[in-house]
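Beneath this line is the structure, given in structure tokens, with notes to follow.
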Amino acid sequence: MQREELANIIFPEVTKTIADYEAMYPERKLEENARVTRFAPSPTGFMHIGHFMPCLIDFCLARQSKGVFYLRNEDTDTSRTVEGAVEYIRSILDAYGLYPDEYEYRDSNETKGSYGPYIQSERKEIYQTFIKHLVREGKAYPCFLTKEEMDAIREGQAKDKRRIGIYGRYAKYRDLPVEEAIEKIKKGEAYTIRLKSTGDFNRKFKFNDLVNGEMEFPENDIDIPIMKSKDGLPTYHFAHLVDDHLMHTTHVVRGQEWISSVPVHFELFKTFGFKMPKYIHIPLILKKDGESVRKISKRLDPEAKMTYYEEKGYPTMAVIEAIMTIINSNYEAWREGHLDAHFTEFEFSPKKMSSSGALFDLDKLDNISKNYISRLKKEEVYEGVLAWSKKYDQEFATILEQYKDYSMAIYNIEREQKKPRKDYTYYSEIKSKTWYMYDEYFQDITYDFGEFKKEDVKEILTTYWKDYYKEEDDQETWFSKIKELCTKLGFATDMKAYKANPENYKGSIVDVTNFIRIALTTLTTTPNLYDIMQILGKERVEKRIENL
RNA sequence: GGCCUGUUGGUGAAGGGGUUUAACACGCCACCCUCUCAAGGUGGUAUUCACGGGUUCGAAACCCGUACAGGCUACCA
């Protein structure tokens, strides 16, 4: 048979059959409704929030159903593959606690799972086995169209307002006699393998997407490339078919931009008679751009890249929380009732997902993060700032290590109470909110007392220091002493009385406390002054007042 | 050009024919509390669900058109 010969000429080294592989990768032994999901990034060296969101869903789906979540490296586009990209992806997954059950980390030679290889470039022979089968059956063929020819076809189609693509009469080589194809290959002509589509564009088929519900598409009639001429690797579509079949993926979670490929995937699965996985096409994350919106872009929008959140120092769990609220809007309500639960305990529902694109609201993230940090223990805050600083501010990290308990005391101001303070939104801003507590940063200070004369202020502070300050005072005593001082010096202690007749006083208690505050911190806004003074301790307080 | 999908406030959204005077959260504004902040409290923030038509006693919800927006239309994923 000539097709057999063609198949052997194209794939001389392929000796296994599809059945061999299916035997190698049998049905997984899992509980009834267990979901098998995968995170399948291309190793391009960055991680987009548009990849992270489906990954989170994959993880939840698998964990909630006692299923499997595996990592597959989609490196079929060798020109885009970047060194170290997989390590980077791994570092993100680790940081966010999204550990895959099956994976293959080539550099550290770690691998787990019996459905591998999990790196597509190492699966070449598997794909080719499937393609060889198609060629043998006459369901795929070598296509010798050059780039120039294809450009010309496309231009012609655009000009005639026809659909773009290699289909029908444009598929010049689909009916090329097999012996001619063999001859061309023997002559060394470049070719790609295309699927010989049997679809009819005028016929529709129904498809059920878990987010969008029932959808209708025209059948695919384009002879899509399934194997590239350059290196014999498959295209995405074909790798999807083979891998998700052999790895027994039950749910494919991907962005909406893939929805238009459904007809292609539908035909591919039908051609082999394989069962299609369920699809969850999730909404795109959009970005406001002037008046309109567009898909968020790693080039244009810094917040599209996961590194943005790391650099700013958002706790990873806060980022997860924020994305979960986009994924299912009832997540927030659930969280309120399950403060300590792990996010995977929330039951994700694709039906509850909006099918239209969503803007990622950074204000909302800030709020979530602020609340999250406020619920942490002082030790956790300390660890968080330290870890961030070690990476981005070594100097501050050294100071933090030197003053560990002191720093934790700062983070503990009004923390251990029912409604804790919410000062910090992300770790990178903590230094700018606490710098004055460290003598190392409290240098070359200038003070601004507004309308008050520095001499008068000095006098007041000296009086305070000599006659009133006692380190061991509790907050109540401390405050009543300040009031005494005010009364003695002609400052109002009752704000209402002061506001009614400001001319009767030199100033108010606000002014006096602010003198102290400024002397100790240079600022007029700080957390509770009493706490600040307690933490600074007698020595520092004295030194700073004297310094003035 | 073709195919597909959407359209409820500043943002995420709930709601799938009457209990919606459109939930909740974020943001914003005001006031209260208060030694400054942060927090907290109270209230305000869509007379209306892109527009036009229809179905109906009744529509944000159902149907049809229009407009607008987005995605895809690679030997990239």
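Letters A, B, ... mark the chains of the structure tokens in the order given; residue numbers begin at 1 per chain; ligand numbers begin at 1, in order shown.
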
Exercise for the section: Report as a ChimeraX atom specification the set of chain B residues whose atoms approach chain A to within 10 Å, with distances computed over only C-alpha atoms (C1' of nucleotides). Expected result: /B:1-7,11-14,24-27,34-40,69-77

Practice task
Using DSSP on the backbone coordinates, identify all residues within segment 320-510 of chain A classified as strand (DSSP E or B); present the result as an NGL selection string.
Solution key: :A and (358-359 or 491-492 or 507-508)

Go ahead and write the residues just picked, N, CA and C atoms, as a compact mmCIF listing (two decimals), in the first residue's frame.
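Dumped everything to result-v7.txt:
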# COMPACT_ATOMS: atom_id res chain seq x y z
N ALA A 358 -13.13 40.44 32.80
CA ALA A 358 -13.17 41.23 34.02
C ALA A 358 -11.92 42.07 34.16
N LEU A 359 -12.10 43.27 34.67
CA LEU A 359 -10.94 44.09 34.99
C LEU A 359 -10.41 43.62 36.34
N PHE A 491 -2.96 74.98 77.43
CA PHE A 491 -3.47 74.31 76.23
C PHE A 491 -4.78 73.59 76.58
N ALA A 492 -5.71 73.58 75.64
CA ALA A 492 -7.02 72.97 75.92
C ALA A 492 -6.92 71.46 75.92
N GLY A 507 -3.21 76.71 72.51
CA GLY A 507 -3.35 75.64 71.53
C GLY A 507 -4.14 74.53 72.19
N SER A 508 -4.11 73.37 71.59
CA SER A 508 -4.89 72.27 72.17
C SER A 508 -4.00 71.08 72.47

Problem - segment 51-58 of chain B environment, 8 Å, only C-alpha atoms (C1' of nucleotides), sequence neighbours closer than 5 positions dropped, as a ChimeraX atom specification - result: /B:17-18,63-67

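Closest to His251 of chain A among A:Asn33, A:Thr462, A:Thr477, A:Asn8 is A:Asn33, based on only C-alpha atoms.
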
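Take atom CA of Leu386 of chain A and atom CA of Glu401 of chain A: the distance between them is 7.7 Å.
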
Would you kindly return, as a CSV table (one decimal) with C-alpha atoms, in the first residue's frame, each protein, DNA or RNA residue with an atom no farther than 12 Å from any atom of segment 93-101 of chain A, considering only C-alpha atoms (C1' of nucleotides) and excluding same-chain residues fewer than 4 positions away?
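After the write, part07.csv holds the following:
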chain,number,residue,atom,x,y,z
A,36,VAL,CA,-7.4,15.4,36.5
A,37,THR,CA,-6.2,18.8,35.6
A,38,ARG,CA,-3.0,20.3,34.3
A,39,PHE,CA,-1.1,23.4,34.3
A,40,ALA,CA,0.5,23.6,30.9
A,41,PRO,CA,2.6,26.7,30.4
A,47,MET,CA,4.2,34.1,34.3
A,51,HIS,CA,-1.9,31.8,33.2
A,52,PHE,CA,-2.0,32.0,36.9
A,53,MET,CA,-5.8,32.2,37.2
A,54,PRO,CA,-6.5,28.9,35.3
A,55,CYS,CA,-3.7,27.3,37.2
A,56,LEU,CA,-5.4,28.2,40.5
A,57,ILE,CA,-8.7,26.7,39.2
A,58,ASP,CA,-6.9,23.6,38.1
A,59,PHE,CA,-5.4,23.2,41.5
A,60,CYS,CA,-8.7,23.7,43.3
A,61,LEU,CA,-10.5,21.3,41.0
A,62,ALA,CA,-8.0,18.6,41.6
A,63,ARG,CA,-7.7,19.1,45.4
A,66,LYS,CA,-9.0,14.0,45.3
A,67,GLY,CA,-7.8,14.1,41.8
A,68,VAL,CA,-4.5,14.9,40.1
A,69,PHE,CA,-3.0,18.2,39.2
A,70,TYR,CA,0.0,17.9,37.0
A,71,LEU,CA,2.5,20.2,35.4
A,72,ARG,CA,3.2,19.8,31.7
A,86,VAL,CA,10.8,26.1,34.1
A,87,GLU,CA,12.7,26.8,37.2
A,88,TYR,CA,10.9,30.2,37.3
A,89,ILE,CA,7.5,28.6,36.9
A,105,TYR,CA,12.0,19.2,36.5
A,111,THR,CA,10.4,13.7,38.4
A,112,LYS,CA,7.2,12.3,39.6
A,113,GLY,CA,4.2,10.6,38.0
A,114,SER,CA,3.8,7.7,35.6
A,115,TYR,CA,2.2,9.5,32.7
A,118,TYR,CA,5.8,15.8,31.0
A,306,MET,CA,3.3,37.8,38.6
A,307,THR,CA,6.6,39.4,39.4
A,309,TYR,CA,3.1,41.2,43.1
A,310,GLU,CA,6.3,39.7,44.3
A,314,TYR,CA,1.9,41.3,48.5
A,315,PRO,CA,1.6,38.2,50.6
A,316,THR,CA,1.0,35.3,48.2
A,317,MET,CA,-2.1,34.3,50.0
A,318,ALA,CA,-3.6,37.8,49.5
A,319,VAL,CA,-3.0,37.5,45.8
A,320,ILE,CA,-4.7,34.2,45.7
A,321,GLU,CA,-7.6,35.6,47.7
A,342,HIS,CA,-7.7,26.8,53.1
A,343,PHE,CA,-8.9,28.3,49.8
A,344,THR,CA,-9.2,24.9,48.2
A,387,ALA,CA,11.9,37.6,53.3

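If you measure from each of B:A23, B:C28, B:C33, B:C49 to A61 of chain B using only C-alpha atoms (C1' of nucleotides), the closest one turns out to be B:C49.
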
Exercise for the section: Could you please write out, as a ChimeraX atom specification, every residue of segment 199-437 of chain A that DSSP assigns to helix (DSSP H, G or I)? Expected result: /A:236-246,256-272,302-304,306-312,316-327,331-337,343-345,350-352,362-374,378-392,394-402,404-411,427-437

Handout entry: Contacts of U48 of chain B within 10 Å, only C-alpha atoms (C1' of nucleotides), excl. fewer than 3 positions in-chain, as a PyMOL selection string
Key = chain B and resi 8+22+60

Limited to N, CA and C atoms (P, O5', C5', C4', C3', O3' and C1' of nucleotides), could you put the picked residues into a file as a short mmCIF file (atom, residue, chain, number, x, y, z; two decimals), in the first residue's frame?
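Result file again30.cif:
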data_model
loop_
_atom_site.label_atom_id
_atom_site.label_comp_id
_atom_site.auth_asym_id
_atom_site.auth_seq_id
_atom_site.Cartn_x
_atom_site.Cartn_y
_atom_site.Cartn_z
P U B 8 -22.28 45.38 31.86
"O5'" U B 8 -23.63 45.56 32.67
"C5'" U B 8 -24.56 46.56 32.27
"C4'" U B 8 -25.52 46.78 33.39
"C3'" U B 8 -24.91 47.34 34.68
"O3'" U B 8 -24.83 48.75 34.63
"C1'" U B 8 -26.32 45.52 35.20
P A B 22 -33.99 50.12 43.69
"O5'" A B 22 -34.00 48.57 43.31
"C5'" A B 22 -33.75 47.55 44.27
"C4'" A B 22 -32.65 46.65 43.77
"C3'" A B 22 -31.23 47.15 44.03
"O3'" A B 22 -30.83 46.77 45.33
"C1'" A B 22 -31.42 46.43 41.79
P A B 60 -37.55 46.39 33.55
"O5'" A B 60 -36.04 45.86 33.52
"C5'" A B 60 -35.10 46.34 32.57
"C4'" A B 60 -33.92 45.40 32.51
"C3'" A B 60 -34.29 43.96 32.17
"O3'" A B 60 -34.22 43.78 30.79
"C1'" A B 60 -32.96 44.01 34.15
#

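Across the structure, atom CA of Ser108 of chain A and atom CA of Thr44 of chain A are spaced 18.8 Å apart.
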
Handout entry: Interatomic distance (Å, one decimal) between atom CA of Ser389 of chain A and atom CA of Glu311 of chain A
Key = 10.0 Å

Exercise for the section: Write out as a ChimeraX atom specification which residues come within 12 Å of U42 of chain B when counting only C-alpha atoms (C1' of nucleotides), dropping same-chain ones fewer than 6 positions away. Expected result: /B:30-33

What does the file look like for those residues with N, CA and C atoms (P, O5', C5', C4', C3', O3' and C1' of nucleotides), as a CSV table (one decimal), in the first residue's frame?
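Contents of again.csv, as written:
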chain,number,residue,atom,x,y,z
B,30,A,P,-15.4,64.7,51.8
B,30,A,O5',-16.7,64.7,52.7
B,30,A,C5',-17.7,65.6,52.5
B,30,A,C4',-19.0,65.3,53.3
B,30,A,C3',-18.7,65.1,54.8
B,30,A,O3',-18.6,66.4,55.4
B,30,A,C1',-20.0,63.3,54.0
B,31,C,P,-17.6,66.6,56.7
B,31,C,O5',-18.5,65.9,57.8
B,31,C,C5',-19.7,66.5,58.3
B,31,C,C4',-20.5,65.4,59.0
B,31,C,C3',-19.8,64.9,60.3
B,31,C,O3',-20.0,65.8,61.4
B,31,C,C1',-20.7,63.1,59.1
B,32,C,P,-18.9,65.8,62.6
B,32,C,O5',-19.2,64.4,63.3
B,32,C,C5',-20.4,64.2,64.0
B,32,C,C4',-20.5,62.9,64.6
B,32,C,C3',-19.3,62.5,65.5
B,32,C,O3',-19.5,63.0,66.8
B,32,C,C1',-19.7,60.7,64.0
B,33,C,P,-18.2,63.5,67.7
B,33,C,O5',-17.5,62.1,68.0
B,33,C,C5',-18.1,61.1,68.9
B,33,C,C4',-17.3,59.9,68.9
B,33,C,C3',-15.9,60.1,69.3
B,33,C,O3',-15.7,60.1,70.7
B,33,C,C1',-15.9,58.8,67.4

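Each of A:Leu536, A:Ile166, A:Ala140, A:Met437 was checked against Ala152 of chain A using only C-alpha atoms; the smallest atom-to-atom distance is that of A:Ile166.
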
Problem - segment 446-458 of chain A environment, 8 Å, only C-alpha atoms (C1' of nucleotides), sequence neighbours closer than 4 positions dropped, as a PyMOL selection string - result: chain A and resi 462+515+518-519+522+548

So that I have them on file, write out the residues from the current selection with N, CA and C atoms, as a compact mmCIF listing (two decimals), in the first residue's frame.
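The resulting file, part-v5.txt, is reproduced below:
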# COMPACT_ATOMS: atom_id res chain seq x y z
N THR A 462 10.77 69.92 77.37
CA THR A 462 11.67 69.79 78.51
C THR A 462 10.86 69.61 79.79
N PHE A 515 3.72 67.78 69.38
CA PHE A 515 5.09 68.19 69.66
C PHE A 515 5.93 66.96 70.01
N ILE A 518 6.32 64.71 66.94
CA ILE A 518 7.29 65.20 65.97
C ILE A 518 8.72 65.04 66.51
N ALA A 519 8.87 65.36 67.77
CA ALA A 519 10.20 65.23 68.36
C ALA A 519 10.70 63.79 68.24
N THR A 522 9.39 62.91 63.86
CA THR A 522 9.30 63.97 62.85
C THR A 522 7.94 64.03 62.16
N LEU A 548 16.62 67.36 69.83
CA LEU A 548 15.85 68.51 69.36
C LEU A 548 16.49 69.79 69.88
